[in-house]
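Source file model.txt; content: compact mmCIF, C-alpha atoms.
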# COMPACT_ATOMS: atom_id res chain seq x y z
CA MET A 1481 114.71 97.90 80.67
CA LEU A 1482 113.34 101.14 82.03
CA PHE A 1483 115.46 103.75 83.77
CA GLY A 1484 113.85 105.67 86.56
CA ALA A 1485 114.36 107.48 89.77
CA HIS A 1486 112.98 107.97 93.22
CA CYS A 1487 111.76 111.53 92.63
CA SER A 1488 111.08 114.22 95.18
CA GLY A 1489 108.01 116.43 95.03
CA GLY A 1490 105.27 113.97 95.99
CA VAL A 1491 102.01 114.00 94.07
CA LYS A 1492 102.49 117.65 93.13
CA LYS A 1493 105.92 117.56 91.48
CA ALA A 1494 107.46 114.07 91.28
CA LEU A 1495 106.34 113.45 87.69
CA ASP A 1496 107.76 116.76 86.49
CA ASN A 1497 110.99 116.14 88.39
CA GLY A 1498 111.24 112.69 86.80
CA ALA A 1499 110.55 114.06 83.32
CA ALA A 1500 113.22 116.71 83.80
CA MET A 1501 115.84 113.99 84.29
CA GLY A 1502 114.51 111.74 81.52
CA ALA A 1503 113.12 109.06 83.84
CA GLU A 1504 111.08 106.33 82.16
CA VAL A 1505 109.55 105.31 85.50
CA VAL A 1506 108.98 107.35 88.65
CA GLN A 1507 108.89 106.34 92.30
CA LEU A 1508 107.70 108.83 94.91
CA PHE A 1509 106.67 109.22 98.51
CA ALA A 1510 103.02 110.14 99.12
CA GLN A 1511 104.07 111.71 102.42
CA SER A 1512 107.18 113.12 104.01
CA PRO A 1513 109.58 110.22 104.61
CA ARG A 1514 110.50 111.77 107.97
CA THR A 1515 107.15 111.75 109.78
CA TRP A 1516 104.19 109.49 110.53
CA ARG A 1517 101.67 112.22 109.69
CA PHE A 1518 99.94 111.34 106.44
CA PRO A 1519 98.72 114.39 104.51
CA GLU A 1520 95.20 115.00 103.31
CA HIS A 1521 95.91 115.21 99.60
CA ASP A 1522 93.83 117.74 97.71
CA PRO A 1523 91.61 115.83 95.26
CA ALA A 1524 92.57 118.39 92.59
CA ASP A 1525 96.26 117.46 93.07
CA LEU A 1526 95.43 113.76 92.73
CA GLU A 1527 93.45 114.40 89.54
CA ALA A 1528 96.23 116.58 88.13
CA PHE A 1529 98.73 113.79 88.86
CA ARG A 1530 96.57 111.21 87.05
CA LEU A 1531 96.24 113.46 84.01
CA ARG A 1532 99.94 114.33 83.96
CA ARG A 1533 100.88 110.68 84.35
CA GLU A 1534 98.59 109.70 81.46
CA GLU A 1535 100.21 112.41 79.34
CA ALA A 1536 103.73 111.30 80.31
CA GLY A 1537 102.92 107.60 79.88
CA VAL A 1538 105.33 106.46 82.58
CA PRO A 1539 104.88 103.75 85.20
CA VAL A 1540 104.56 105.13 88.72
CA LEU A 1541 105.29 103.51 92.07
CA ILE A 1542 104.79 104.90 95.54
CA HIS A 1543 107.30 103.92 98.20
CA ALA A 1544 105.81 103.57 101.65
CA LEU A 1545 107.34 105.33 104.60
CA TYR A 1546 110.60 103.73 105.78
CA LEU A 1547 109.36 103.92 109.39
CA VAL A 1548 106.72 101.27 108.65
CA ASN A 1549 107.28 98.07 110.61
CA LEU A 1550 104.50 95.51 110.18
CA ALA A 1551 106.47 93.09 112.38
CA ALA A 1552 106.87 95.52 115.27
CA PRO A 1553 106.27 94.01 118.71
CA ASP A 1554 105.38 97.50 119.99
CA ASP A 1555 101.63 98.07 119.57
CA ALA A 1556 101.93 101.82 118.94
CA ILE A 1557 104.47 101.37 116.12
CA TYR A 1558 102.48 98.47 114.70
CA SER A 1559 99.25 100.51 114.66
CA LYS A 1560 100.95 103.51 113.03
CA SER A 1561 102.52 101.19 110.47
CA VAL A 1562 99.25 99.54 109.48
CA ALA A 1563 97.43 102.89 109.31
CA THR A 1564 100.22 104.40 107.21
CA MET A 1565 100.21 101.46 104.82
CA ARG A 1566 96.44 101.72 104.39
CA SER A 1567 96.72 105.45 103.67
CA THR A 1568 99.62 104.90 101.28
CA VAL A 1569 97.71 102.30 99.28
CA ASP A 1570 94.66 104.58 99.22
CA ALA A 1571 96.84 107.36 97.79
CA GLY A 1572 98.33 104.91 95.30
CA CYS A 1573 94.88 103.91 94.10
CA ALA A 1574 93.82 107.56 93.91
CA ILE A 1575 96.68 108.42 91.53
CA GLU A 1576 96.46 105.08 89.74
CA ALA A 1577 100.00 104.10 90.72
CA ASP A 1578 101.14 100.74 89.44
CA GLY A 1579 102.15 99.68 92.91
CA VAL A 1580 103.06 100.56 96.47
CA VAL A 1581 106.51 99.38 97.52
CA PHE A 1582 107.18 98.62 101.18
CA HIS A 1583 109.64 96.93 103.50
CA VAL A 1584 108.08 94.49 105.99
CA GLY A 1585 110.18 95.58 108.96
CA SER A 1586 111.91 93.82 111.83
CA HIS A 1587 110.73 91.63 114.67
CA LEU A 1588 113.29 93.39 116.89
CA GLY A 1589 114.08 90.19 118.77
CA ALA A 1590 110.50 88.94 119.21
CA GLY A 1591 111.16 86.05 116.81
CA PHE A 1592 110.10 85.15 113.28
CA GLU A 1593 106.90 83.28 114.16
CA THR A 1594 105.69 86.03 116.52
CA ALA A 1595 106.38 88.63 113.85
CA LEU A 1596 104.68 86.59 111.15
CA ALA A 1597 101.54 86.46 113.29
CA ARG A 1598 101.51 90.29 113.15
CA VAL A 1599 102.63 90.73 109.54
CA VAL A 1600 100.03 88.46 107.93
CA PRO A 1601 96.89 90.23 109.24
CA ALA A 1602 98.50 93.62 108.56
CA VAL A 1603 99.23 92.71 104.95
CA GLU A 1604 95.72 91.29 104.57
CA GLN A 1605 94.24 94.63 105.69
CA VAL A 1606 96.41 96.51 103.23
CA LEU A 1607 95.72 94.12 100.34
CA GLU A 1608 91.98 94.70 100.78
CA ARG A 1609 92.59 98.31 99.69
CA CYS A 1610 94.52 97.40 96.52
CA ASN A 1611 92.78 97.12 93.17
CA GLU A 1612 93.41 95.59 89.76
CA HIS A 1613 95.72 98.47 88.86
CA THR A 1614 97.56 99.29 92.11
CA TRP A 1615 99.44 96.35 93.56
CA LEU A 1616 101.29 95.88 96.84
CA LEU A 1617 105.00 95.19 96.25
CA MET A 1618 107.12 93.76 99.05
CA GLU A 1619 110.75 94.87 98.71
CA ASN A 1620 113.48 92.82 100.31
CA SER A 1621 115.63 94.50 102.93
CA ALA A 1622 119.27 94.39 103.76
CA GLY A 1623 119.73 93.55 107.37
CA THR A 1624 120.56 90.97 109.94
CA GLY A 1625 118.79 88.99 112.59
CA GLY A 1626 115.27 90.32 112.98
CA THR A 1627 114.82 91.91 109.56
CA MET A 1628 111.83 90.36 107.84
CA GLY A 1629 112.04 89.92 104.08
CA ARG A 1630 115.83 90.00 103.88
CA SER A 1631 116.15 86.52 102.42
CA THR A 1632 114.10 83.59 101.22
CA ARG A 1633 115.82 81.32 103.74
CA ALA A 1634 113.56 82.40 106.60
CA ILE A 1635 110.47 81.83 104.49
CA SER A 1636 111.59 78.50 103.04
CA SER A 1637 112.39 77.14 106.52
CA ARG A 1638 108.72 77.40 107.50
CA PRO A 1639 106.87 74.11 107.35
CA ALA A 1640 104.37 73.88 104.49
CA SER A 1641 100.77 74.13 105.60
CA THR A 1642 98.23 71.58 104.45
Can you dump the structure from the file as structure tokens?
Amino acid sequence: MLFGAHCSGGVKKALDNGAAMGAEVVQLFAQSPRTWRFPEHDPADLEAFRLRREEAGVPVLIHALYLVNLAAPDDAIYSKSVATMRSTVDAGCAIEADGVVFHVGSHLGAGFETALARVVPAVEQVLERCNEHTWLLMENSAGTGGTMGRSTRAISSRPAST
């Protein structure tokens, strides 16, 4: 078992912050968790992260922005969510993160099937950006009603396709 932390500092300081607390694995945000704006990371910072990570020898995960909602019925939120996920995976690949963790989102009353029709193509677009080292990791969510990915019941109730 590895002990880790969700460390502040992004690509510039998260590894050092994790090392300071003895973390054996580090999770970080590649952008501010409070805004949609995704930063243009300096390639030198990305390279420094890769070198520092290699030196530290710790697994690294990026957590996608909590605002992401790949099931959103609102087109503006959906578009921002897909764009943010693509940028987050790109950053994950650039620092050779082991994975990008994300929450699917909520259908906000639009219904499971309607949401699934939005989630699947969004996830496909994001998966195209992953590589053999950086994976996409879907994290379950606490929630009720419209929250996607909160239980396996909603998935297992779908009829099997042939």
CA of Pro1553 (chain A) to CA of Arg1514 (chain A), straight-line distance in Å: 21.2 Å
Surrounding residues of Glu1504 (chain A) excluding itself and chain neighbours under 5 positions, 8 Å, only C-alpha atoms, as a PyMOL selection string: chain A and resi 1482-1484+1498-1499+1538-1539
CA of Glu1619 (chain A) to CA of His1486 (chain A) measures 14.4 Å
Find the spatial neighbours of region 1595-1599 of chain A, counting only C-alpha atoms, within a cut-off of 6 Å - ignore same-chain residues fewer than 4 positions away - and output them as a tab-separated table (two decimals) with C-alpha atoms, keeping the file's coordinate frame.
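Output contents, as saved in selection-v9.tsv:
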chain	number	residue	atom	x	y	z
A	1550	LEU	CA	104.50	95.51	110.18
A	1551	ALA	CA	106.47	93.09	112.38
A	1587	HIS	CA	110.73	91.63	114.67
Using all atoms listed in the file, pick whichever of A:Met1628, A:Ala1524, A:Val1600, A:Val1540 has the shortest atom-to-atom distance to Cys1487 (chain A).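 The shortest atom-to-atom distance to Cys1487 (chain A) comes from A:Val1540.
Residues within 10 Å of Arg1533 (chain A), counting only C-alpha atoms and excluding same-chain residues fewer than 2 positions away, are Leu1495, Asp1496, Val1506, Glu1527, Ala1528, Phe1529, Arg1530, Leu1531, Glu1535, Ala1536, Gly1537, Val1538, Pro1539, Val1540, Ile1575, Glu1576 and Ala1577 of chain A.
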Smallest atom-to-atom distance to Arg1517 (chain A): which of A:Ala1494, A:Ala1563, A:Ala1503, A:Ala1556, using only C-alpha atoms? A:Ala1563
Gly1579 (chain A) proximity check over A:Ser1567, A:Ile1557, A:Asn1620, A:Gln1507, using all atoms listed in the file: winner is A:Gln1507
Just how far from CA of Thr1568 (chain A) is CA of Gly1489 (chain A), in Å to one decimal?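 We find that CA of Gly1489 (chain A) and CA of Thr1568 (chain A) lie 15.6 Å from each other.
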Contacts of Thr1627 (chain A) at 9 Å or less, counting only C-alpha atoms, minus same-chain residues fewer than 5 places along, as a ChimeraX atom specification? /A:1551,1584-1588,1621-1622
Emit the selected residues as a short mmCIF file (atom, residue, chain, number, x, y, z; two decimals), in the coordinates of the input, including C-alpha atoms.
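The result, stored in again-v8.cif:
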data_model
loop_
_atom_site.label_atom_id
_atom_site.label_comp_id
_atom_site.auth_asym_id
_atom_site.auth_seq_id
_atom_site.Cartn_x
_atom_site.Cartn_y
_atom_site.Cartn_z
CA ALA A 1551 106.47 93.09 112.38
CA VAL A 1584 108.08 94.49 105.99
CA GLY A 1585 110.18 95.58 108.96
CA SER A 1586 111.91 93.82 111.83
CA HIS A 1587 110.73 91.63 114.67
CA LEU A 1588 113.29 93.39 116.89
CA SER A 1621 115.63 94.50 102.93
CA ALA A 1622 119.27 94.39 103.76
#
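The shortest atom-to-atom distance to Trp1615 (chain A), with all atoms listed in the file taken into account, belongs to A:Val1569 out of A:Val1491, A:Ala1602, A:Leu1545, A:Val1569.
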Skipping near chain neighbours, those fewer than 6 positions away, what residues fall within 10 Å of Ser1512 (chain A) using only C-alpha atoms, listed as a PDB file with C-alpha atoms, keeping the file's coordinate frame?
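Heads up, here's the output in selection.pdb:
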ATOM      1  CA  SER A1488     111.080 114.220  95.180  1.00  0.00           C
ATOM      2  CA  GLY A1489     108.010 116.430  95.030  1.00  0.00           C
ATOM      3  CA  GLY A1490     105.270 113.970  95.990  1.00  0.00           C
ATOM      4  CA  PHE A1518      99.940 111.340 106.440  1.00  0.00           C
ATOM      5  CA  PRO A1519      98.720 114.390 104.510  1.00  0.00           C
ATOM      6  CA  ALA A1544     105.810 103.570 101.650  1.00  0.00           C
ATOM      7  CA  LEU A1545     107.340 105.330 104.600  1.00  0.00           C
TER       8      LEU A1545
END
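For the set A:Met1501, A:Pro1523, A:Thr1564, A:Gly1626, the residue with the smallest atom-to-atom gap to Ala1552 (chain A) is A:Gly1626, counting all atoms listed in the file.
Residue nearest Leu1541 (chain A), chosen from A:Leu1616, A:Val1562, A:Leu1607, A:Ala1590 and counting all atoms listed in the file: A:Leu1616.
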